[in-house]
>>> print(open('model.cif').read())   # mmCIF, C-alpha atoms
data_upload
loop_
_atom_site.label_atom_id
_atom_site.label_comp_id
_atom_site.auth_asym_id
_atom_site.auth_seq_id
_atom_site.Cartn_x
_atom_site.Cartn_y
_atom_site.Cartn_z
CA MET F 1 141.42 27.16 271.26
CA SER F 2 142.97 27.44 274.69
CA ILE F 3 140.28 25.67 276.67
CA ALA F 4 142.04 23.47 279.20
CA LYS F 5 141.10 21.70 282.39
CA VAL F 6 142.64 22.41 285.78
CA ASN F 7 143.62 19.67 288.17
CA LEU F 8 143.09 21.43 291.49
CA GLU F 9 145.57 19.38 293.52
CA ASP F 10 148.26 19.86 290.88
CA ALA F 11 147.53 23.58 291.00
CA LEU F 12 147.78 23.60 294.78
CA ALA F 13 151.05 21.67 294.66
CA SER F 14 152.63 24.57 292.82
CA ILE F 15 151.78 27.02 295.60
CA GLY F 16 154.17 27.46 298.49
CA GLU F 17 152.85 30.15 300.76
CA HIS F 18 149.71 30.06 302.85
CA TRP F 19 146.94 32.65 302.37
CA ARG F 20 148.02 33.42 298.77
CA PRO F 21 145.09 32.72 296.42
CA HIS F 22 145.94 31.86 292.80
CA ILE F 23 143.33 32.28 290.09
CA VAL F 24 142.67 29.17 287.96
CA GLY F 25 139.61 30.40 286.07
CA GLU F 26 136.88 32.99 285.80
CA VAL F 27 133.12 32.63 285.80
CA ASN F 28 130.82 35.55 285.06
CA GLY F 29 133.08 38.16 286.63
CA SER F 30 134.11 36.07 289.62
CA LYS F 31 137.47 34.41 290.11
CA LEU F 32 137.95 30.72 290.87
CA GLN F 33 141.06 30.45 292.98
CA VAL F 34 142.96 27.80 294.85
CA VAL F 35 144.57 28.63 298.17
CA LYS F 36 146.28 26.94 301.09
CA PHE F 37 145.35 28.09 304.58
CA LYS F 38 147.13 27.37 307.83
CA GLY F 39 146.74 29.23 311.07
CA GLU F 40 144.42 32.12 311.79
CA PHE F 41 143.46 34.72 309.20
CA VAL F 42 142.26 38.23 309.99
CA TRP F 43 138.61 39.13 310.64
CA HIS F 44 137.23 40.89 307.59
CA ARG F 45 134.23 41.32 305.34
CA HIS F 46 133.57 41.95 301.65
CA ASP F 47 130.81 44.45 301.00
CA ASP F 48 130.70 43.75 297.25
CA SER F 49 131.22 40.00 296.99
CA GLU F 50 130.03 36.71 298.31
CA ASP F 51 132.89 34.54 299.51
CA VAL F 52 132.71 30.84 298.70
CA PHE F 53 134.88 28.23 300.41
CA LEU F 54 134.97 24.64 299.16
CA VAL F 55 137.34 22.41 301.11
CA LEU F 56 139.37 20.00 298.98
CA GLU F 57 141.68 18.64 301.68
CA GLY F 58 141.97 19.15 305.42
CA ARG F 59 139.63 20.88 307.86
CA LEU F 60 138.67 24.55 307.77
CA TYR F 61 136.93 26.62 310.40
CA ILE F 62 135.08 29.76 309.39
CA ASP F 63 134.45 31.96 312.40
CA LEU F 64 131.32 34.08 312.02
CA PRO F 65 130.00 36.75 314.39
CA ASP F 66 127.75 34.29 316.23
CA LYS F 67 129.09 30.84 315.45
CA THR F 68 131.87 28.77 313.89
CA ILE F 69 131.35 26.53 310.89
CA GLU F 70 133.59 23.49 310.43
CA LEU F 71 134.20 22.35 306.86
CA GLU F 72 135.62 19.04 305.72
CA PRO F 73 136.50 17.93 302.19
CA GLY F 74 133.49 18.18 299.89
CA GLU F 75 131.80 20.80 302.07
CA LEU F 76 131.04 24.28 300.86
CA LEU F 77 130.10 27.55 302.56
CA VAL F 78 128.84 30.79 301.04
CA VAL F 79 129.61 33.79 303.25
CA PRO F 80 127.15 36.52 302.20
CA ARG F 81 128.51 39.94 301.33
CA GLY F 82 128.94 42.21 304.31
CA VAL F 83 129.28 39.42 306.87
CA GLU F 84 132.40 39.45 309.05
CA HIS F 85 134.31 36.18 308.94
CA ARG F 86 137.67 34.66 309.79
CA PRO F 87 139.08 31.50 308.18
CA ARG F 88 141.15 29.35 310.52
CA ALA F 89 142.91 26.00 310.23
CA ASP F 90 144.95 23.99 312.72
CA GLU F 91 146.64 22.05 309.92
CA GLU F 92 147.12 23.00 306.29
CA VAL F 93 143.88 23.01 304.34
CA HIS F 94 143.34 23.16 300.56
CA VAL F 95 140.49 25.35 299.40
CA LEU F 96 138.72 26.38 296.21
CA ASN F 97 137.55 29.94 296.75
CA VAL F 98 135.22 32.10 294.65
CA GLU F 99 135.05 35.88 294.91
CA LEU F 100 134.26 38.75 292.57
CA MET F 101 137.23 39.73 290.39
CA GLY F 102 139.04 42.61 292.08
CA THR F 103 138.10 41.56 295.60
CA VAL F 104 140.94 41.90 298.10
CA ASN F 105 141.41 38.76 300.18
CA THR F 106 141.55 40.68 303.47
CA GLY F 107 138.50 42.78 302.62
CA ASP F 108 138.00 45.80 304.90
CA ALA F 109 140.62 44.76 307.48
CA ASP F 110 143.03 47.60 308.21
CA ASP F 111 145.35 45.46 310.30
CA ALA F 112 145.94 42.70 307.74
CA GLY F 113 149.60 43.48 307.04
CA VAL F 114 151.36 40.83 304.98
CA LEU F 115 148.19 38.72 304.77
CA THR F 116 146.88 41.00 302.01
CA ALA F 117 147.73 39.22 298.76
CA PRO F 118 148.06 40.58 295.24
CA GLU F 119 145.51 39.29 292.74
CA GLN F 120 147.45 36.72 290.74
CA TYR F 121 146.92 33.95 288.25
CA LEU F 122 148.42 30.52 288.62
CA SER F 123 151.23 30.18 286.12
CA ARG F 124 150.58 27.26 283.79
CA MET Y 1 121.43 33.98 310.74
CA SER Y 2 120.84 31.27 308.19
CA ILE Y 3 124.42 30.76 307.05
CA ALA Y 4 124.91 27.01 306.70
CA LYS Y 5 127.37 24.75 304.98
CA VAL Y 6 126.49 22.30 302.22
CA ASN Y 7 127.88 18.79 302.11
CA LEU Y 8 127.97 18.21 298.38
CA GLU Y 9 127.71 14.41 298.47
CA ASP Y 10 124.77 14.60 300.88
CA ALA Y 11 123.15 17.07 298.50
CA LEU Y 12 123.76 14.77 295.54
CA ALA Y 13 122.37 11.80 297.46
CA SER Y 14 119.01 13.56 297.60
CA ILE Y 15 118.81 13.86 293.81
CA GLY Y 16 117.33 11.01 291.79
CA GLU Y 17 117.25 12.02 288.15
CA HIS Y 18 120.19 12.64 285.88
CA TRP Y 19 120.69 16.03 284.18
CA ARG Y 20 118.63 17.89 286.82
CA PRO Y 21 120.79 20.58 288.45
CA HIS Y 22 119.86 21.66 291.99
CA ILE Y 23 121.04 25.00 293.33
CA VAL Y 24 122.92 24.85 296.64
CA GLY Y 25 124.15 28.45 296.78
CA GLU Y 26 124.67 31.69 294.92
CA VAL Y 27 127.80 33.72 294.32
CA ASN Y 28 127.69 37.16 292.71
CA GLY Y 29 124.74 36.40 290.46
CA SER Y 30 125.84 32.89 289.52
CA LYS Y 31 124.32 29.67 290.81
CA LEU Y 32 126.30 26.88 292.42
CA GLN Y 33 124.51 23.66 291.60
CA VAL Y 34 125.01 19.96 292.04
CA VAL Y 35 124.00 17.57 289.30
CA LYS Y 36 124.31 13.92 288.32
CA PHE Y 37 125.10 13.14 284.70
CA LYS Y 38 124.87 9.82 282.93
CA GLY Y 39 124.77 9.24 279.21
CA GLU Y 40 125.00 11.84 276.50
CA PHE Y 41 123.64 15.37 276.84
CA VAL Y 42 122.66 17.62 273.96
CA TRP Y 43 125.09 19.92 272.13
CA HIS Y 44 124.45 23.50 273.23
CA ARG Y 45 126.03 26.80 274.12
CA HIS Y 46 125.36 29.65 276.54
CA ASP Y 47 125.89 33.08 275.02
CA ASP Y 48 125.56 34.90 278.36
CA SER Y 49 127.34 32.63 280.82
CA GLU Y 50 130.49 30.69 281.41
CA ASP Y 51 129.81 27.08 282.32
CA VAL Y 52 131.99 25.57 285.04
CA PHE Y 53 132.22 21.83 285.65
CA LEU Y 54 134.02 20.46 288.71
CA VAL Y 55 133.92 16.67 288.96
CA LEU Y 56 133.33 15.32 292.46
CA GLU Y 57 132.95 11.64 291.61
CA GLY Y 58 133.23 9.61 288.41
CA ARG Y 59 134.53 10.58 284.99
CA LEU Y 60 133.08 13.27 282.76
CA TYR Y 61 133.76 13.99 279.12
CA ILE Y 62 133.11 17.43 277.71
CA ASP Y 63 132.96 17.34 273.93
CA LEU Y 64 134.03 20.62 272.34
CA PRO Y 65 133.99 21.55 268.65
CA ASP Y 66 137.59 20.46 268.13
CA LYS Y 67 138.44 18.13 271.00
CA THR Y 68 137.16 16.21 274.02
CA ILE Y 69 138.26 16.97 277.57
CA GLU Y 70 138.21 14.19 280.15
CA LEU Y 71 137.64 15.22 283.75
CA GLU Y 72 138.27 13.15 286.86
CA PRO Y 73 137.48 14.03 290.48
CA GLY Y 74 139.16 17.27 291.51
CA GLU Y 75 139.37 18.50 287.92
CA LEU Y 76 137.63 21.62 286.70
CA LEU Y 77 136.80 23.05 283.31
CA VAL Y 78 135.51 26.49 282.37
CA VAL Y 79 133.62 26.48 279.08
CA PRO Y 80 133.68 30.09 277.80
CA ARG Y 81 130.41 31.72 276.83
CA GLY Y 82 129.38 31.05 273.26
CA VAL Y 83 131.33 27.79 272.92
CA GLU Y 84 129.37 24.71 271.86
CA HIS Y 85 129.80 21.79 274.22
CA ARG Y 86 128.28 18.44 275.15
CA PRO Y 87 128.73 16.73 278.55
CA ARG Y 88 128.90 12.95 278.37
CA ALA Y 89 129.47 10.17 280.92
CA ASP Y 90 129.62 6.40 280.53
CA GLU Y 91 128.86 5.89 284.22
CA GLU Y 92 127.14 8.25 286.65
CA VAL Y 93 129.22 11.27 287.49
CA HIS Y 94 128.72 13.84 290.26
CA VAL Y 95 129.36 17.44 289.32
CA LEU Y 96 129.43 20.90 290.86
CA ASN Y 97 128.35 23.31 288.14
CA VAL Y 98 128.41 27.11 288.06
CA GLU Y 99 126.35 29.20 285.66
CA LEU Y 100 124.74 32.63 285.70
CA MET Y 101 121.39 32.67 287.50
CA GLY Y 102 118.66 32.27 284.91
CA THR Y 103 120.78 30.21 282.52
CA VAL Y 104 118.92 27.29 280.96
CA ASN Y 105 120.88 24.03 281.22
CA THR Y 106 120.35 23.16 277.57
CA GLY Y 107 121.28 26.64 276.34
CA ASP Y 108 120.35 27.34 272.73
CA ALA Y 109 119.51 23.71 271.84
CA ASP Y 110 116.14 23.46 270.15
CA ASP Y 111 116.05 19.67 270.25
CA ALA Y 112 116.66 19.25 273.98
CA GLY Y 113 113.21 17.89 274.87
CA VAL Y 114 112.99 16.54 278.41
CA LEU Y 115 116.64 17.36 279.09
CA THR Y 116 115.71 21.01 279.68
CA ALA Y 117 115.40 21.35 283.45
CA PRO Y 118 113.57 23.94 285.54
CA GLU Y 119 115.77 26.17 287.70
CA GLN Y 120 115.35 24.70 291.15
CA TYR Y 121 116.87 24.86 294.60
CA LEU Y 122 117.82 21.82 296.60
CA SER Y 123 115.29 21.39 299.39
CA ARG Y 124 117.04 21.41 302.75
#
>>> encode(input="model.cif", output="structure tokens")
Amino acid sequence: MSIAKVNLEDALASIGEHWRPHIVGEVNGSKLQVVKFKGEFVWHRHDDSEDVFLVLEGRLYIDLPDKTIELEPGELLVVPRGVEHRPRADEEVHVLNVELMGTVNTGDADDAGVLTAPEQYLSR
Amino acid sequence: MSIAKVNLEDALASIGEHWRPHIVGEVNGSKLQVVKFKGEFVWHRHDDSEDVFLVLEGRLYIDLPDKTIELEPGELLVVPRGVEHRPRADEEVHVLNVELMGTVNTGDADDAGVLTAPEQYLSR
């Protein structure tokens, strides 16, 4: 049986680049992924998936159309499907993110450029 | 717009009983729920849902048919659907759990008694 735990900080330590989510598990068709953010992402939305952000380390801002939500470690936000949002961080932040399998990190954004990441699993 | 963050420890502080999950959000048909465990749960399985355990505080043991996995804060385990498991904790542990909406916490166990919890949202 290949059931094994994931230490999230160890997983994050193996990731170099910012804005590159790495899948560490799957739950009912959604991917559990760890990702490091720093700087300003692109405004985007996901029409087919909620977007969950749980901060593990650092401080994350999620800009929404009418407000900004500030997240510290142990704080979680669910962005409903279809809602425009932009993650932003002054300093590096470590995040556990949940999205439907197959969801593109930059959603509908057509100006995302190199921020658009391939769907990839953490190598273990 | 009612998009609001959840501070997981604040959410947990509002829960008294052990083994009573409280939903704090939903992602693609699954429920994100906080729960306090202490003692030994009942062996059970979920045929229709993965079961994700992320430890926020304390130490959690997940007994599986052929081994036991020990989880500390920041460690996550995905129990695949159909796999028998039993959560266990010597001291109180705080957990973020993810299961399909509608999943019963005690799964297929027919001897769960009072451990079977109603599906309920955290009051905010």
>>> closest_residue(input="model.cif", among="Y:Leu71, Y:Leu12, Y:Val104, Y:Ala117", to="chain F", atoms="only C-alpha atoms")
Y:Leu71
>>> resolve_selection(input="model.cif", expression="the PyMOL selection byres ((chain Y) within 10 of (chain F))", output="number ranges by chain")
Y: 1, 3-10, 24-30, 32, 48-54, 56, 64-67, 69-81, 83, 98-100
>>> atom_distance(input="model.cif", atom1="CA of Arg45 in chain F", atom2="CA of His85 in chain F")
6.3 Å
>>> closest_residue(input="model.cif", among="F:Arg59, F:Trp19, F:Phe37, F:Leu96", to="Ala112 in chain F", atoms="only C-alpha atoms")
F:Trp19
>>> atom_distance(input="model.cif", atom1="CA of Pro87 in chain Y", atom2="CA of Gly58 in chain Y")
13.0 Å
>>> residues_around(input="model.cif", residues="Pro118 in chain F", least_positions_apart="4", cutoff="12 Å", atoms="all atoms listed in the file", output="PyMOL selection string")
chain F and resi 19-23+101-106+114
>>> resolve_selection(input="model.cif", expression="the PyMOL selection byres ((chain F and resi 91) around 9)", output="number ranges by chain")
F: 37-39, 58-60, 89-90, 92-93
>>> write_last_selection(input="model.cif", atoms="C-alpha atoms", output="tab-separated table (two decimals), keeping the file's coordinate frame")
chain	number	residue	atom	x	y	z
F	37	PHE	CA	145.35	28.09	304.58
F	38	LYS	CA	147.13	27.37	307.83
F	39	GLY	CA	146.74	29.23	311.07
F	58	GLY	CA	141.97	19.15	305.42
F	59	ARG	CA	139.63	20.88	307.86
F	60	LEU	CA	138.67	24.55	307.77
F	89	ALA	CA	142.91	26.00	310.23
F	90	ASP	CA	144.95	23.99	312.72
F	92	GLU	CA	147.12	23.00	306.29
F	93	VAL	CA	143.88	23.01	304.34
>>> atom_distance(input="model.cif", atom1="CA of Glu84 in chain F", atom2="CA of Thr116 in chain F")
16.2 Å
